[in-house]
>>> print(open('work-v1.csv').read())   # CSV, C-alpha atoms
chain,number,residue,atom,x,y,z
W,1,MET,CA,42.8,3.0,40.2
W,2,ALA,CA,41.1,5.4,37.7
W,3,LEU,CA,37.9,5.3,35.9
W,4,ILE,CA,38.5,6.6,32.3
W,5,VAL,CA,36.2,7.1,29.4
W,6,LYS,CA,37.9,7.1,26.0
W,7,LYS,CA,36.2,8.1,22.8
W,8,PHE,CA,37.5,7.2,19.3
W,9,GLY,CA,36.0,8.8,16.2
W,10,GLY,CA,35.2,7.2,12.9
W,11,SER,CA,38.7,7.7,11.3
W,12,SER,CA,40.3,5.9,14.3
W,13,VAL,CA,38.2,2.8,13.7
W,14,ALA,CA,37.9,3.0,9.9
W,15,SER,CA,39.5,-0.4,9.2
W,16,PRO,CA,40.4,-3.6,11.1
W,17,GLU,CA,44.0,-2.5,11.2
W,18,LYS,CA,43.0,0.8,12.8
W,19,ILE,CA,40.7,-1.0,15.2
W,20,TYR,CA,43.6,-3.0,16.5
W,21,ASN,CA,45.6,0.3,16.8
W,22,VAL,CA,42.9,1.6,19.1
W,23,VAL,CA,42.9,-1.6,21.1
W,24,ASP,CA,46.6,-1.6,21.4
W,25,ARG,CA,46.6,2.0,22.5
W,26,VAL,CA,44.0,1.4,25.2
W,27,LEU,CA,45.8,-1.7,26.6
W,28,ARG,CA,49.1,0.1,26.5
W,29,ASP,CA,47.8,3.0,28.5
W,30,LYS,CA,45.6,1.0,30.9
W,31,LYS,CA,47.1,0.4,34.4
W,32,GLU,CA,46.2,-2.9,36.1
W,33,ASP,CA,43.4,-1.5,38.3
W,34,ASP,CA,42.0,1.0,35.8
W,35,ARG,CA,38.4,0.7,34.7
W,36,VAL,CA,38.0,1.7,31.0
W,37,VAL,CA,34.9,2.6,29.0
W,38,VAL,CA,35.5,3.0,25.2
W,39,VAL,CA,33.0,5.0,23.2
W,40,VAL,CA,33.3,4.6,19.4
W,41,SER,CA,31.7,6.2,16.3
W,42,ALA,CA,30.8,4.4,13.1
W,43,MET,CA,33.7,3.2,10.9
W,44,GLY,CA,35.1,5.8,8.5
W,45,ASP,CA,32.5,7.1,6.1
W,46,THR,CA,29.8,4.6,7.2
W,47,THR,CA,27.4,7.3,8.4
W,48,ASP,CA,27.7,9.3,5.1
W,49,ASP,CA,27.2,6.1,3.1
W,50,LEU,CA,24.0,5.3,5.1
W,51,VAL,CA,22.7,8.8,4.5
W,52,SER,CA,23.4,8.4,0.8
W,53,LEU,CA,21.6,5.1,0.8
W,54,ALA,CA,18.6,6.7,2.4
W,55,ARG,CA,18.6,9.5,-0.1
W,56,ALA,CA,18.5,6.9,-2.9
W,57,VAL,CA,15.2,5.8,-1.5
W,58,THR,CA,13.6,9.1,-0.5
W,59,SER,CA,14.2,12.8,-0.5
W,60,ARG,CA,12.3,13.3,2.7
W,61,PRO,CA,13.8,13.1,6.2
W,62,PHE,CA,11.8,10.3,7.8
W,63,GLY,CA,13.3,10.9,11.2
W,64,ARG,CA,12.4,7.7,13.1
W,65,GLU,CA,13.5,5.4,10.3
W,66,MET,CA,16.6,7.4,9.5
W,67,ASP,CA,17.7,7.2,13.1
W,68,ARG,CA,17.2,3.4,13.1
W,69,LEU,CA,19.3,3.2,10.0
W,70,LEU,CA,22.1,5.5,11.1
W,71,SER,CA,22.4,3.8,14.5
W,72,THR,CA,23.6,0.6,12.9
W,73,GLY,CA,26.9,2.1,12.0
W,74,GLU,CA,28.0,2.4,15.6
W,75,GLN,CA,26.7,-1.0,16.4
W,76,ILE,CA,29.0,-2.5,13.8
W,77,SER,CA,31.9,-0.7,15.4
W,78,ILE,CA,31.3,-1.7,19.0
W,79,ALA,CA,31.0,-5.4,18.0
W,80,LEU,CA,34.3,-5.4,16.1
W,81,VAL,CA,36.2,-3.4,18.7
W,82,ALA,CA,34.9,-5.7,21.5
W,83,MET,CA,36.0,-8.7,19.4
W,84,ALA,CA,39.5,-7.2,18.9
W,85,PHE,CA,39.9,-6.7,22.7
W,86,MET,CA,38.9,-10.3,23.3
W,87,GLU,CA,41.3,-11.5,20.6
W,88,LYS,CA,44.1,-9.7,22.5
W,89,GLY,CA,43.1,-11.5,25.7
W,90,GLN,CA,41.2,-8.6,27.3
W,91,PRO,CA,37.6,-9.4,28.3
W,92,ALA,CA,35.2,-6.9,26.7
W,93,VAL,CA,31.5,-6.4,26.2
W,94,SER,CA,29.8,-4.1,23.7
W,95,MET,CA,26.7,-2.1,24.5
W,96,THR,CA,24.3,0.0,22.4
W,97,GLY,CA,23.3,3.4,23.8
W,98,ALA,CA,20.1,1.8,25.1
W,99,GLN,CA,22.0,-1.0,26.9
W,100,ALA,CA,24.4,1.6,28.4
W,101,GLY,CA,21.3,3.2,30.0
W,102,ILE,CA,21.2,6.4,27.8
W,103,LEU,CA,17.7,7.8,27.8
W,104,SER,CA,17.2,10.4,25.1
W,105,SER,CA,14.5,12.8,23.8
W,106,ASP,CA,12.4,11.9,20.8
W,107,ASN,CA,13.8,14.7,18.5
W,108,HIS,CA,15.0,12.4,15.8
W,109,GLY,CA,18.3,13.4,14.4
W,110,LYS,CA,18.8,15.9,17.2
W,111,GLY,CA,18.1,13.8,20.3
W,112,ARG,CA,19.2,15.2,23.7
W,113,ILE,CA,20.4,13.0,26.5
W,114,LEU,CA,17.8,13.2,29.3
W,115,ASN,CA,19.3,10.7,31.8
W,116,ILE,CA,21.9,8.0,32.1
W,117,ASP,CA,21.6,4.9,34.3
W,118,PRO,CA,25.1,3.4,34.0
W,119,SER,CA,24.4,0.4,36.4
W,120,ARG,CA,24.8,-2.1,33.6
W,121,VAL,CA,28.1,-0.5,32.5
W,122,PHE,CA,29.4,-0.6,36.1
W,123,ALA,CA,28.4,-4.3,36.4
W,124,ALA,CA,30.4,-5.1,33.3
W,125,LEU,CA,33.4,-3.2,34.6
W,126,ASP,CA,33.2,-4.9,37.9
W,127,ALA,CA,33.4,-8.2,36.1
W,128,GLY,CA,36.7,-7.2,34.6
W,129,ASN,CA,35.6,-6.1,31.1
W,130,VAL,CA,36.5,-3.1,29.0
W,131,VAL,CA,33.1,-1.8,28.1
W,132,VAL,CA,32.6,-0.6,24.5
W,133,VAL,CA,29.7,1.7,24.1
W,134,ALA,CA,28.0,2.9,20.9
W,135,GLY,CA,28.2,6.7,20.6
W,136,PHE,CA,25.7,9.0,18.8
W,137,GLN,CA,22.6,7.2,20.1
W,138,GLY,CA,20.1,6.8,22.9
W,139,ILE,CA,16.6,5.4,23.4
W,140,THR,CA,13.4,7.1,24.2
W,141,ASP,CA,11.1,6.1,27.1
W,142,CYS,CA,8.9,4.3,24.5
W,143,GLY,CA,11.8,2.3,23.1
W,144,ASP,CA,12.6,4.2,19.9
W,145,ILE,CA,16.2,4.8,18.9
W,146,THR,CA,17.3,8.5,18.5
W,147,THR,CA,20.6,9.8,17.2
W,148,LEU,CA,22.3,12.8,18.9
W,149,GLY,CA,23.3,14.9,15.9
W,150,ARG,CA,26.6,15.8,14.5
W,151,GLY,CA,29.5,14.8,16.8
W,152,GLY,CA,27.1,12.9,19.0
W,153,SER,CA,29.7,10.4,20.1
W,154,ASP,CA,31.5,13.1,21.9
W,155,THR,CA,28.3,13.9,23.8
W,156,THR,CA,27.9,10.2,24.7
W,157,ALA,CA,31.4,10.0,26.0
W,158,VAL,CA,31.3,13.1,28.2
W,159,ALA,CA,27.8,12.4,29.4
W,160,LEU,CA,28.8,8.9,30.4
W,161,ALA,CA,31.9,10.2,32.1
W,162,GLY,CA,29.8,12.7,34.1
W,163,ALA,CA,27.2,10.1,35.1
W,164,MET,CA,29.8,7.7,36.2
W,165,GLN,CA,32.0,10.4,37.9
W,166,ALA,CA,35.0,9.4,35.8
W,167,ASP,CA,38.4,10.9,36.5
W,168,VAL,CA,38.8,12.1,32.9
W,169,CYS,CA,37.2,11.8,29.5
W,170,GLU,CA,39.7,11.5,26.7
W,171,ILE,CA,38.6,12.4,23.2
W,172,PHE,CA,40.9,10.8,20.6
W,173,THR,CA,40.9,12.4,17.1
W,174,ASP,CA,43.1,12.6,14.1
W,175,VAL,CA,44.7,15.8,15.3
W,176,GLU,CA,46.9,16.4,18.4
W,177,GLY,CA,44.5,18.7,20.2
W,178,VAL,CA,42.5,21.9,19.9
W,179,TYR,CA,44.2,24.4,17.5
W,180,SER,CA,43.9,28.1,17.2
W,181,THR,CA,42.2,27.4,13.9
W,182,ASP,CA,42.1,24.6,11.3
W,183,PRO,CA,45.8,23.9,10.5
W,184,ARG,CA,44.8,22.6,7.1
W,185,ILE,CA,43.6,26.1,6.2
W,186,ALA,CA,46.1,28.2,8.2
W,187,PRO,CA,49.5,26.5,8.5
W,188,ASN,CA,50.5,28.9,11.3
W,189,ALA,CA,47.8,27.5,13.6
W,190,VAL,CA,49.1,26.6,17.1
W,191,LYS,CA,48.0,23.9,19.5
W,192,LEU,CA,46.4,25.1,22.7
W,193,ASP,CA,47.6,23.5,25.9
W,194,GLU,CA,44.4,24.3,27.7
W,195,ILE,CA,41.2,26.2,27.1
W,196,THR,CA,38.2,27.0,29.3
W,197,TYR,CA,34.8,25.3,28.9
W,198,GLY,CA,33.3,28.6,27.8
W,199,GLU,CA,35.8,29.3,25.1
W,200,MET,CA,35.7,25.7,23.8
W,201,LEU,CA,31.9,25.8,23.8
W,202,GLU,CA,31.9,29.0,21.7
W,203,MET,CA,34.5,27.5,19.3
W,204,ALA,CA,32.5,24.3,19.0
W,205,ARG,CA,29.2,26.1,18.6
W,206,LEU,CA,30.7,28.3,15.9
W,207,GLY,CA,32.1,25.5,13.8
W,208,ALA,CA,35.3,24.1,15.3
W,209,GLY,CA,34.7,20.4,14.5
W,210,VAL,CA,37.1,19.0,17.0
W,211,MET,CA,34.4,19.0,19.7
W,212,GLN,CA,30.6,18.9,19.7
W,213,PRO,CA,29.0,21.8,21.7
W,214,ARG,CA,26.7,19.7,23.8
W,215,ALA,CA,29.7,17.5,24.8
W,216,VAL,CA,31.4,20.6,26.1
W,217,GLU,CA,28.2,21.6,28.0
W,218,MET,CA,28.2,18.2,29.6
W,219,GLY,CA,31.8,18.6,30.7
W,220,SER,CA,31.1,21.9,32.2
W,221,ARG,CA,27.9,20.8,34.0
W,222,TYR,CA,29.6,17.7,35.6
W,223,GLY,CA,33.1,19.2,36.0
W,224,VAL,CA,34.7,16.5,33.9
W,225,PRO,CA,38.1,17.4,32.5
W,226,ILE,CA,38.2,16.7,28.8
W,227,HIS,CA,41.5,15.7,27.2
W,228,VAL,CA,41.5,16.1,23.4
W,229,ARG,CA,44.4,14.2,21.9
W,230,SER,CA,45.6,12.2,18.9
W,231,THR,CA,44.9,8.6,18.3
W,232,PHE,CA,48.2,8.3,16.6
W,233,SER,CA,50.5,10.1,19.0
W,234,ASP,CA,51.4,9.9,22.7
W,235,LYS,CA,51.8,13.6,23.0
W,236,GLU,CA,49.8,15.6,25.4
W,237,GLY,CA,46.8,17.2,23.8
W,238,THR,CA,44.5,20.0,25.0
W,239,ILE,CA,42.8,20.0,28.4
W,240,ILE,CA,39.3,21.6,28.5
W,241,ARG,CA,38.5,22.7,32.0
W,242,GLU,CA,37.7,25.7,34.2
W,243,ASP,CA,40.4,25.6,36.8
W,244,TYR,CA,43.0,27.9,35.5
W,245,THR,CA,42.8,31.7,36.0
W,246,MET,CA,42.0,33.9,33.1
W,247,GLU,CA,44.5,36.5,34.3
W,248,ALA,CA,47.3,34.0,33.6
W,249,ASN,CA,46.0,33.7,30.0
W,250,LYS,CA,47.5,36.6,28.1
W,251,HIS,CA,46.0,35.8,24.8
W,252,VAL,CA,43.0,38.0,23.9
W,253,ILE,CA,41.8,35.7,21.2
W,254,GLN,CA,42.1,31.9,21.5
W,255,GLY,CA,41.1,30.9,18.1
W,256,VAL,CA,39.3,31.3,14.8
W,257,ALA,CA,36.3,29.0,14.0
W,258,ASP,CA,34.4,28.5,10.8
W,259,ASP,CA,31.2,26.9,9.8
W,260,THR,CA,30.1,26.1,6.2
W,261,ASN,CA,27.0,24.2,7.2
W,262,VAL,CA,25.0,27.4,7.0
W,263,ALA,CA,22.2,28.8,4.9
W,264,LYS,CA,20.9,32.4,5.0
W,265,VAL,CA,17.1,32.8,5.0
W,266,SER,CA,15.7,36.2,4.0
W,267,LEU,CA,12.0,36.8,4.6
W,268,VAL,CA,10.8,39.7,2.5
W,269,GLY,CA,7.6,41.6,3.3
W,270,VAL,CA,6.8,40.6,6.9
W,271,LYS,CA,4.0,42.5,8.6
W,272,ASN,CA,5.5,44.7,11.3
W,273,LYS,CA,3.0,44.0,14.1
W,274,PRO,CA,3.0,42.1,17.4
W,275,GLY,CA,2.9,38.3,17.2
W,276,ILE,CA,4.3,37.8,13.6
W,277,ALA,CA,7.9,37.1,14.7
W,278,HIS,CA,6.6,34.7,17.3
W,279,LEU,CA,4.5,32.9,14.7
W,280,ILE,CA,7.4,32.6,12.2
W,281,PHE,CA,10.0,31.3,14.7
W,282,GLN,CA,7.6,29.1,16.7
W,283,SER,CA,6.6,27.5,13.4
W,284,LEU,CA,10.2,26.7,12.7
W,285,ALA,CA,10.9,25.6,16.3
W,286,ASP,CA,7.9,23.2,16.1
W,287,LYS,CA,9.8,21.4,13.3
W,288,ASN,CA,13.1,21.4,15.3
W,289,VAL,CA,14.7,24.0,13.0
W,290,ASP,CA,17.5,25.7,14.8
W,291,VAL,CA,17.7,29.5,14.0
W,292,ASP,CA,20.7,31.8,14.6
W,293,MET,CA,22.0,35.3,13.7
W,294,ILE,CA,18.5,37.0,13.5
W,295,VAL,CA,18.4,40.5,12.0
W,296,GLN,CA,15.1,42.5,11.5
W,297,SER,CA,15.1,45.6,9.4
W,298,ILE,CA,12.4,48.3,8.9
W,299,ARG,CA,12.3,49.7,5.4
W,300,THR,CA,11.1,53.2,6.4
W,301,VAL,CA,10.0,54.7,9.7
W,302,GLU,CA,6.4,54.8,8.5
W,303,ASP,CA,6.4,51.5,6.8
W,304,THR,CA,4.3,48.6,8.2
W,305,ILE,CA,6.4,46.0,6.4
W,306,THR,CA,9.7,44.7,7.6
W,307,ASP,CA,12.3,42.2,6.4
W,308,ILE,CA,13.9,39.4,8.6
W,309,VAL,CA,17.1,37.6,7.9
W,310,PHE,CA,18.5,34.7,9.9
W,311,THR,CA,20.6,31.6,9.5
W,312,ILE,CA,19.9,27.9,9.7
W,313,THR,CA,21.9,24.7,9.1
W,314,LEU,CA,21.9,23.2,5.7
W,315,ASP,CA,20.4,20.1,7.2
W,316,ASP,CA,17.2,22.0,8.0
W,317,VAL,CA,16.8,23.7,4.6
W,318,VAL,CA,14.2,21.2,3.3
W,319,ILE,CA,12.0,21.4,6.4
W,320,ALA,CA,12.4,25.2,6.7
W,321,ARG,CA,11.3,25.7,3.1
W,322,GLU,CA,8.1,23.7,3.8
W,323,VAL,CA,7.3,25.8,6.9
W,324,LEU,CA,8.0,29.1,5.0
W,325,GLU,CA,5.8,28.0,2.1
W,326,VAL,CA,2.9,27.6,4.5
W,327,LEU,CA,3.5,31.0,6.1
W,328,LYS,CA,3.7,32.5,2.6
W,329,THR,CA,0.4,30.9,1.5
W,330,ALA,CA,-1.2,32.3,4.7
W,331,GLY,CA,0.0,35.8,3.8
W,332,ASN,CA,2.3,36.2,6.8
W,333,ILE,CA,5.3,36.8,4.5
W,334,GLU,CA,5.4,38.0,0.9
W,335,GLU,CA,8.4,36.0,-0.2
W,336,PHE,CA,11.5,34.2,1.1
W,337,VAL,CA,14.9,33.4,-0.3
W,338,ILE,CA,17.3,30.8,0.9
W,339,ASN,CA,21.0,31.1,0.1
W,340,GLU,CA,22.9,27.9,0.8
W,341,LYS,CA,26.4,29.2,-0.2
W,342,MET,CA,27.2,31.0,3.0
W,343,ALA,CA,29.6,30.5,5.9
W,344,LYS,CA,30.4,31.9,9.3
W,345,VAL,CA,33.8,33.0,10.5
W,346,SER,CA,34.3,33.7,14.2
W,347,ILE,CA,36.9,34.8,16.7
W,348,VAL,CA,36.7,33.5,20.2
W,349,GLY,CA,38.5,34.4,23.4
W,350,ALA,CA,37.5,35.3,27.0
W,351,GLY,CA,40.3,37.8,26.9
W,352,MET,CA,38.2,40.0,24.6
W,353,LEU,CA,36.2,41.1,27.6
W,354,GLY,CA,37.1,44.7,28.3
W,355,GLN,CA,39.3,44.9,25.2
W,356,PRO,CA,37.8,47.6,22.9
W,357,GLY,CA,38.6,47.6,19.2
W,358,VAL,CA,38.8,43.9,18.6
W,359,ALA,CA,35.6,43.9,16.4
W,360,ALA,CA,36.9,46.9,14.4
W,361,GLN,CA,40.2,45.1,13.8
W,362,MET,CA,38.3,42.0,12.5
W,363,PHE,CA,36.1,44.0,10.2
W,364,GLY,CA,39.1,45.9,8.9
W,365,ILE,CA,41.0,42.7,8.1
W,366,LEU,CA,37.9,41.4,6.1
W,367,SER,CA,37.6,44.8,4.4
W,368,GLU,CA,41.3,44.6,3.3
W,369,GLU,CA,40.6,41.2,1.8
W,370,ASN,CA,37.5,42.6,0.0
W,371,ILE,CA,35.2,40.2,1.9
W,372,ASN,CA,31.7,41.5,2.4
W,373,ILE,CA,30.0,40.9,5.8
W,374,GLU,CA,26.3,39.9,5.5
W,375,ILE,CA,25.4,39.6,9.2
W,376,ILE,CA,27.3,40.3,12.5
W,377,SER,CA,26.6,38.5,15.7
W,378,THR,CA,28.4,38.9,19.1
W,379,SER,CA,28.6,37.4,22.5
W,380,GLU,CA,30.7,38.2,25.5
W,381,ILE,CA,33.6,36.1,24.2
W,382,SER,CA,33.0,35.8,20.4
W,383,ILE,CA,32.3,37.8,17.3
W,384,THR,CA,30.8,36.1,14.2
W,385,CYS,CA,30.5,37.3,10.6
W,386,LEU,CA,28.4,35.7,7.9
W,387,ILE,CA,30.2,35.8,4.6
W,388,ALA,CA,30.2,34.1,1.2
W,389,GLU,CA,31.3,30.5,1.5
W,390,GLU,CA,33.8,30.8,-1.4
W,391,ARG,CA,35.8,33.4,0.7
W,392,VAL,CA,35.8,31.6,4.1
W,393,LYS,CA,39.3,30.1,3.8
W,394,ASP,CA,40.7,33.5,2.8
W,395,ALA,CA,39.0,35.1,5.8
W,396,ILE,CA,40.3,32.4,8.2
W,397,ARG,CA,43.9,32.9,7.1
W,398,ALA,CA,43.8,36.6,7.1
W,399,ILE,CA,42.1,36.9,10.5
W,400,HIS,CA,44.3,34.2,12.1
W,401,ASP,CA,47.6,35.5,10.9
W,402,ASN,CA,46.8,39.2,11.6
W,403,LEU,CA,44.7,39.0,14.8
W,404,VAL,CA,45.8,35.7,16.5
W,405,ILE,CA,49.4,35.0,15.6
W,406,ASP,CA,50.4,38.7,15.7
W,407,LYS,CA,48.9,39.1,19.2
W,408,ARG,CA,50.7,36.0,20.5
W,409,GLY,CA,53.9,37.5,19.1
>>> encode(input="work-v1.csv", output="structure tokens")
Amino acid sequence: MALIVKKFGGSSVASPEKIYNVVDRVLRDKKEDDRVVVVVSAMGDTTDDLVSLARAVTSRPFGREMDRLLSTGEQISIALVAMAFMEKGQPAVSMTGAQAGILSSDNHGKGRILNIDPSRVFAALDAGNVVVVAGFQGITDCGDITTLGRGGSDTTAVALAGAMQADVCEIFTDVEGVYSTDPRIAPNAVKLDEITYGEMLEMARLGAGVMQPRAVEMGSRYGVPIHVRSTFSDKEGTIIREDYTMEANKHVIQGVADDTNVAKVSLVGVKNKPGIAHLIFQSLADKNVDVDMIVQSIRTVEDTITDIVFTITLDDVVIAREVLEVLKTAGNIEEFVINEKMAKVSIVGAGMLGQPGVAAQMFGILSEENINIEIISTSEISITCLIAEERVKDAIRAIHDNLVIDKRG
């Protein structure tokens, strides 16, 4: 007997026919004594359609009402999937995030799971049901719905699996696993049989859309193996876990990630004195604006003025601009410029530790492609370059084919 959490994305439940494919897949894989929780996203492009509907009403992100609107997409999915299970003779019950016991923070649009009480889910499983849970949403302690950000259904699934001590969390997508890069961009991309939590977290954080970063964090925290696999194939996918030795992994670089949901913010004429950087970034943090890739430059040694450049997501541009206008009016910055046509390209691999020259090779490849690097950011297992969005596909293909495929040989 196994306890399994299975997550299906929007493309997997985009139509009644696809919903029945999901139901048939779950029932085909389910052994007699297995207990199964199914987490689903909104159908197809439903979330995008709801966002467009909201933008037709207002240009401002009214967080609480937006979350209430967006959460309806998953609620449609869970009801239809539960009905399809029952039509096939399998007892099932649907639950919203709140009904599944998911307590979240009140950061609308970017809620974090604070706690899960899965007692109601266990009771439904004990009664013989497949439990269908709405991904992407939780509820605050005062009863407001919050959504969990991009890819939030992954986070729901892995967090539930951790809270319930499930044997595995299966993430079903429209690809067969985690690839060394996006195969739609680089045809030579290879499927990875396994990858560590740390490597997957970096790839997800840096733009690999197959997994949401917080979902990987949850898997690592609870030690839940995550199996990323295809909805439309029975082939083994990619296992994300920590229990294989890095010495056995001969690949220096596991993959290349990209992120086009990026804007570069340049603050011109910032006073070079204690407290100003704190004021700027605390003002942004107070509005839940995530900041990355920060660079500060002094114009001359004697100058009391500096410039600061950093990146944010495109989703935060409107709010960031409002914050910066206030700082500009107060005289804390002279001017600011926001460039929304940027992208990040990154290489990731725990094998880069102790391997000198990898960064130089990456920069050399970009140079040969005549691609300018705006900002560089590094961690122990990743190197990221900010480049023009229009060149990101060229960068991915060149880096992948010359630095990943060549090294795999």
>>> closest_residue(input="work-v1.csv", among="W:Gly237, W:Gly255, W:Gly73, W:Gly177", to="Met352 of chain W", atoms="all atoms listed in the file")
W:Gly255
>>> residues_around(input="work-v1.csv", residues="Val121 of chain W", least_positions_apart="4", cutoff="7 Å", atoms="all atoms listed in the file", output="number ranges by chain")
W: 100, 125, 131
>>> closest_atom_pairs(input="work-v1.csv", of="segment 367-391 of chain W", to="segment 345-350 of chain W", cutoff="6 Å", atoms="only C-alpha atoms", output="tab-separated table")
residue	atom	partner	partner_atom	distance
W:Ile381	CA	W:Ala350	CA	4.9
W:Ser382	CA	W:Val348	CA	4.4
W:Ile383	CA	W:Ser346	CA	5.5
W:Thr384	CA	W:Ser346	CA	4.2
W:Cys385	CA	W:Val345	CA	5.4
>>> residues_near_point(input="work-v1.csv", point="(43.7, 17.2, 6.8)", cutoff="9 Å", atoms="all atoms listed in the file", output="PyMOL selection string")
chain W and resi 174-175+182-185
>>> atom_distance(input="work-v1.csv", atom1="atom CA of Met342 of chain W", atom2="atom CA of Leu324 of chain W")
19.4 Å
>>> atom_distance(input="work-v1.csv", atom1="atom CA of Leu103 of chain W", atom2="atom CA of Ile116 of chain W")
6.0 Å
>>> atom_distance(input="work-v1.csv", atom1="atom CA of Leu148 of chain W", atom2="atom CA of Glu236 of chain W")
28.4 Å
>>> residues_around(input="work-v1.csv", residues="Gly10 of chain W", least_positions_apart="2", cutoff="6 Å", atoms="all atoms listed in the file", output="MDAnalysis selection string")
chainID W and resid 12:14 41:44
>>> residues_around(input="work-v1.csv", residues="Ile375 of chain W", least_positions_apart="2", cutoff="7 Å", atoms="all atoms listed in the file", output="VMD selection string")
chain W and resid 373 377 385 to 386
>>> residues_around(input="work-v1.csv", residues="Arg120 of chain W", least_positions_apart="4", cutoff="12 Å", atoms="all atoms listed in the file", output="ChimeraX atom specification")
/W:93-102,116,124-127,129,131,133,164
>>> residues_around(input="work-v1.csv", residues="Gly128 of chain W", least_positions_apart="3", cutoff="9 Å", atoms="only C-alpha atoms", output="list of chain:residue names")
W:Arg35, W:Gln90, W:Pro91, W:Ala92, W:Ala123, W:Ala124, W:Leu125
>>> closest_residue(input="work-v1.csv", among="W:Asn402, W:Asn272, W:Thr147, W:Thr260", to="Ile298 of chain W", atoms="only C-alpha atoms")
W:Asn272
>>> closest_residue(input="work-v1.csv", among="W:Ala395, W:Ile405, W:Ala320, W:Val130", to="Asn188 of chain W", atoms="all atoms listed in the file")
W:Ile405
>>> closest_residue(input="work-v1.csv", among="W:Glu170, W:Thr311, W:Ile319, W:Gly138", to="Thr231 of chain W", atoms="only C-alpha atoms")
W:Glu170
>>> closest_residue(input="work-v1.csv", among="W:Asn332, W:Ser71, W:Thr196, W:Asn339", to="Val262 of chain W", atoms="only C-alpha atoms")
W:Asn339
>>> closest_residue(input="work-v1.csv", among="W:Leu279, W:Leu284, W:Val404, W:His227", to="Ile365 of chain W", atoms="all atoms listed in the file")
W:Val404
>>> residues_near_point(input="work-v1.csv", point="(13.2, 45.3, 11.8)", cutoff="9 Å", atoms="only C-alpha atoms", output="VMD selection string")
chain W and resid 272 295 to 299 305 to 308
>>> axis_aligned_box(input="work-v1.csv", around="segment 198-208 of chain W", padding_each_side="6 Å", output="AutoDock Vina command-line options")
--center_x 32.5 --center_y 26.7 --center_z 20.8 --size_x 18.6 --size_y 17.2 --size_z 26.0
>>> closest_atom_pairs(input="work-v1.csv", of="segment 72-128 of chain W", to="segment 197-216 of chain W", cutoff="12 Å", atoms="only C-alpha atoms", output="Markdown table")
| residue | atom | partner | partner_atom | distance |
| --- | --- | --- | --- | --- |
| W:Lys110 | CA | W:Arg214 | CA | 11.0 |
| W:Gly111 | CA | W:Arg214 | CA | 11.0 |
| W:Arg112 | CA | W:Arg214 | CA | 8.7 |
| W:Ile113 | CA | W:Arg214 | CA | 9.6 |
>>> write_last_selection(input="work-v1.csv", atoms="C-alpha atoms", output="PDB file, in the frame of the given file")
ATOM      1  CA  LYS W 110      18.800  15.900  17.200  1.00  0.00           C
ATOM      2  CA  GLY W 111      18.100  13.800  20.300  1.00  0.00           C
ATOM      3  CA  ARG W 112      19.200  15.200  23.700  1.00  0.00           C
ATOM      4  CA  ILE W 113      20.400  13.000  26.500  1.00  0.00           C
TER       5      ILE W 113
END
>>> build_atoms(input="work-v1.csv", residues="segment 344-352 of chain W", atoms="N, CA, C and O atoms", output="JSON list (two decimals), in the coordinates of the input")
[["chain", "number", "residue", "atom", "x", "y", "z"],
["W", 344, "LYS", "N", 30.08, 31.00, 8.20],
["W", 344, "LYS", "CA", 30.40, 31.90, 9.30],
["W", 344, "LYS", "C", 31.86, 31.81, 9.64],
["W", 344, "LYS", "O", 32.48, 30.74, 9.56],
["W", 345, "VAL", "N", 32.44, 32.93, 9.97],
["W", 345, "VAL", "CA", 33.80, 33.00, 10.50],
["W", 345, "VAL", "C", 33.76, 33.74, 11.80],
["W", 345, "VAL", "O", 33.12, 34.79, 11.89],
["W", 346, "SER", "N", 34.41, 33.18, 12.83],
["W", 346, "SER", "CA", 34.30, 33.70, 14.20],
["W", 346, "SER", "C", 35.63, 33.80, 14.88],
["W", 346, "SER", "O", 36.51, 32.96, 14.63],
["W", 347, "ILE", "N", 35.78, 34.79, 15.76],
["W", 347, "ILE", "CA", 36.90, 34.80, 16.70],
["W", 347, "ILE", "C", 36.37, 34.57, 18.08],
["W", 347, "ILE", "O", 35.27, 35.01, 18.42],
["W", 348, "VAL", "N", 37.15, 33.85, 18.89],
["W", 348, "VAL", "CA", 36.70, 33.50, 20.20],
["W", 348, "VAL", "C", 37.84, 33.70, 21.22],
["W", 348, "VAL", "O", 39.00, 33.38, 20.95],
["W", 349, "GLY", "N", 37.48, 34.25, 22.37],
["W", 349, "GLY", "CA", 38.50, 34.40, 23.40],
["W", 349, "GLY", "C", 37.89, 35.16, 24.62],
["W", 349, "GLY", "O", 37.34, 36.26, 24.45],
["W", 350, "ALA", "N", 38.00, 34.57, 25.81],
["W", 350, "ALA", "CA", 37.50, 35.30, 27.00],
["W", 350, "ALA", "C", 38.31, 36.54, 27.26],
["W", 350, "ALA", "O", 37.83, 37.46, 27.92],
["W", 351, "GLY", "N", 39.52, 36.61, 26.69],
["W", 351, "GLY", "CA", 40.30, 37.80, 26.90],
["W", 351, "GLY", "C", 39.79, 39.02, 26.13],
["W", 351, "GLY", "O", 40.28, 40.13, 26.33],
["W", 352, "MET", "N", 38.77, 38.83, 25.27],
["W", 352, "MET", "CA", 38.20, 40.00, 24.60],
["W", 352, "MET", "C", 37.35, 40.84, 25.48],
["W", 352, "MET", "O", 37.07, 42.00, 25.16]]
